[in-house]
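Have a look at the structure below, then the notes.
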Amino acid sequence: MDDKLIRTGIRMSCRSGWVYKVSCWISIDYQLVEVTAERDWHEYHSIRRKVLWQRRGLSNYDENHADEYKTANHPLLLRLNGRAIGTVRLDDFGNGTGAVRLVAIESEFQGQGHDRVLSDFVEGYARRLGLLTLYVNAAPEAVGYYEKLGWMPEIWDRAELVGIASECLQMT
Ligand SMILES: CC(C)(COP(=O)(O)OP(=O)(O)OC[C@H]1O[C@@H](n2cnc3c(N)ncnc32)[C@H](O)[C@@H]1OP(=O)(O)O)[C@@H](O)C(=O)NCCC(=O)NCCS
């Protein structure tokens with residue numbers, strides 16, 4: 001769990017044109033949850049279905065896909081002050097490498113730095129699993145985001161570039 005305090009500013013204006021700036025402190029509590037409880041599965045699938053399928057015009061999201069339930073695959077949920085706002089799955093390939101799958105942040109929370117937090121959590125989680133190298137199939141619209149986080153293009157398994165991943169760029 002990571003508890004942060006951030007300063008937030010609220011601007012208020014009055015008729016005479018004076019502007020007052022009021023600042024206060026708010027608490028931000030992030031939590032990375034291993035998805036096992038029924039409620040967590042429900043929120044995990046709901047975010048993925050919306051952000052990664054419906055927003056892309058796809059309708060064939062499968063909650064029961066076998067990959068979700070393999071013991072080497074780790075479905076994870078990011079909670080912000082208790083609310084589920086992001087998901088990722090970390091797959092352990094068993095040789096010190098693994099893949100970050102289907103990262104998604106709820107639309108209204110995107111662009112606010114939450115995925116940087118999720119990414120840090122995932123790196124720590126991967127290190128604890130003994131994963132030294134991570135791979136990703138980056139969707140074209142997310143390549144810029146991965147580059148910002150330091151990922152570099154590298155073909156790691158051409159066979160994965162099919163179906164929903166056919167347009168992806170492989171990175172490490
Ligand atoms: C991609 C996604 C996970 C990023 O999450 P986010 O919470 O919006 O990202 P953050 O706000 O933490 O941004 C991290 C950095 O990446 C940058 N960034 C975010 N999205 C970007 C994009 N599409 N292109 C370029 N840069 C991007 C941000 O500006 C930020 O950089 P900065 O800190 O230097 O300003 C989120 O936008 C999302 O869920 N998108 C839809 C699903 C998706 O494409 N998932 C990837 C599947 S491969």
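Starting from 1 in every chain, residues are counted up; chains themselves are A, B, ... following the order of the structure tokens, and ligands are numbered from 1 as listed.
Considering only C-alpha atoms and all ligand atoms, the residues that reside within 6 Å of ligand 1 can be listed as Val51, Leu52, Leu102, Val103, Ala104, Ile105, Gln110, Gly111, Gln112, Gly113, His114, Asp115, Arg116, Asn137, Ala138, Ala139, Glu141, Ala142, Gly144, Tyr145 and Lys148 of chain A.
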How close does each residue of stretch 103-166 of chain A get to stretch 26-31 of chain A, giving the shortest atom pair and distance in Å to one decimal for every residue with an atom at most 9 Å away, counting only C-alpha atoms, sorted by chain and residue number, as CSV?
residue,atom,partner,partner_atom,distance
A:Val117,CA,A:Tyr30,CA,8.1
A:Leu118,CA,A:Tyr30,CA,8.8
A:Phe121,CA,A:Gln31,CA,8.8
Let me see the file: selected residues, N, CA and C atoms, as a compact mmCIF listing (two decimals), in the first residue's frame.
# COMPACT_ATOMS: atom_id res chain seq x y z
N VAL A 117 1.96 4.84 -11.46
CA VAL A 117 1.90 4.16 -10.16
C VAL A 117 1.71 2.66 -10.38
N LEU A 118 0.74 2.31 -11.26
CA LEU A 118 0.49 0.89 -11.53
C LEU A 118 1.75 0.23 -12.08
N PHE A 121 4.18 -0.48 -9.31
CA PHE A 121 3.71 -1.65 -8.55
C PHE A 121 4.04 -2.95 -9.30
Taking the chain letters and numbering used in this document, name the residues of stretch 14-162 of chain A that DSSP puts in strand (DSSP E or B), as a ChimeraX atom specification.
/A:19-34,73-80,83-92,97-105,133-138,153
Write out as a PyMOL selection string all residues of chain A that backbone DSSP assigns to helix (DSSP H, G or I).
chain A and resi 38-56+66-69+107-109+114-129+140-148+158-160+163-165
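Of the listed residues A:Phe93, A:Val136, A:Leu80, A:Glu106, the one whose atoms come nearest to A:Lys50 is A:Glu106, with distances taken using only C-alpha atoms.
The protein and nucleic acid residues lying at most 12 Å from A:Val143 are A:Val136, A:Asn137, A:Ala138, A:Ala139, A:Glu147, A:Lys148, A:Leu149, A:Gly150, A:Trp151, A:Met152, A:Pro153, A:Glu167, A:Cys168, A:Leu169, A:Gln170, A:Met171, A:Thr172, with only C-alpha atoms considered and sequence neighbours fewer than 4 positions away removed.
Using only C-alpha atoms, the residues found no farther than 8 Å from A:Leu32, other than those of its own chain fewer than 6 positions away, are A:Met1, A:Leu76, A:Leu77, A:Leu78, A:Arg79, A:Leu118, A:Phe121.
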Might you pull out every residue within 12 Å of stretch 56-63 of chain A, with only C-alpha atoms counted and same-chain residues fewer than 4 positions away left off, and present them as a PyMOL selection string?
chain A and resi 41-52+67-69+139+141+163-164
Those residues you just picked out, can you put them in a file as a PDB file, in the first residue's frame with C-alpha atoms?
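Resulting contents of part-v5.pdb:
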ATOM      1  CA  TRP A  41     -12.886 -10.409 -10.570  1.00  0.00           C
ATOM      2  CA  HIS A  42     -16.074  -8.510 -11.330  1.00  0.00           C
ATOM      3  CA  GLU A  43     -14.299  -5.101 -11.258  1.00  0.00           C
ATOM      4  CA  TYR A  44     -11.290  -6.447 -13.182  1.00  0.00           C
ATOM      5  CA  HIS A  45     -13.442  -7.765 -16.037  1.00  0.00           C
ATOM      6  CA  SER A  46     -15.672  -4.702 -16.037  1.00  0.00           C
ATOM      7  CA  ILE A  47     -12.717  -2.285 -16.531  1.00  0.00           C
ATOM      8  CA  ARG A  48     -11.116  -4.472 -19.219  1.00  0.00           C
ATOM      9  CA  ARG A  49     -14.370  -5.002 -21.097  1.00  0.00           C
ATOM     10  CA  LYS A  50     -15.076  -1.232 -21.177  1.00  0.00           C
ATOM     11  CA  VAL A  51     -11.587   0.184 -21.775  1.00  0.00           C
ATOM     12  CA  LEU A  52      -9.999  -2.469 -23.981  1.00  0.00           C
ATOM     13  CA  ASP A  67      -5.288 -17.481 -19.765  1.00  0.00           C
ATOM     14  CA  GLU A  68      -6.966 -15.600 -16.896  1.00  0.00           C
ATOM     15  CA  TYR A  69      -6.878 -18.659 -14.664  1.00  0.00           C
ATOM     16  CA  ALA A 139      -1.413  -1.286 -28.936  1.00  0.00           C
ATOM     17  CA  GLU A 141      -2.305   4.149 -29.549  1.00  0.00           C
ATOM     18  CA  GLY A 163      -6.035 -11.459 -33.357  1.00  0.00           C
ATOM     19  CA  ILE A 164      -6.468  -8.477 -31.005  1.00  0.00           C
TER      20      ILE A 164
END
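The shell of residues at most 8 Å from A:Ala72, with only C-alpha atoms counted and near chain neighbours (fewer than 4 positions) removed, consists of Asp91, Asp92, Phe93 and Gly94 of chain A.
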Residues as selected, N, CA and C atoms, written as an mmCIF file, in the first residue's frame, can you do that?
data_model
loop_
_atom_site.group_PDB
_atom_site.id
_atom_site.type_symbol
_atom_site.label_atom_id
_atom_site.label_comp_id
_atom_site.auth_asym_id
_atom_site.auth_seq_id
_atom_site.Cartn_x
_atom_site.Cartn_y
_atom_site.Cartn_z
ATOM 1 N N ASP A 91 2.153 -12.063 -16.725
ATOM 2 C CA ASP A 91 2.329 -13.495 -17.010
ATOM 3 C C ASP A 91 3.788 -13.879 -16.817
ATOM 4 N N ASP A 92 4.012 -14.910 -16.016
ATOM 5 C CA ASP A 92 5.361 -15.388 -15.720
ATOM 6 C C ASP A 92 5.693 -16.518 -16.696
ATOM 7 N N PHE A 93 6.703 -16.279 -17.570
ATOM 8 C CA PHE A 93 7.060 -17.303 -18.566
ATOM 9 C C PHE A 93 7.946 -18.393 -17.975
ATOM 10 N N GLY A 94 8.389 -18.192 -16.737
ATOM 11 C CA GLY A 94 9.099 -19.277 -16.054
ATOM 12 C C GLY A 94 10.597 -19.318 -16.289
#
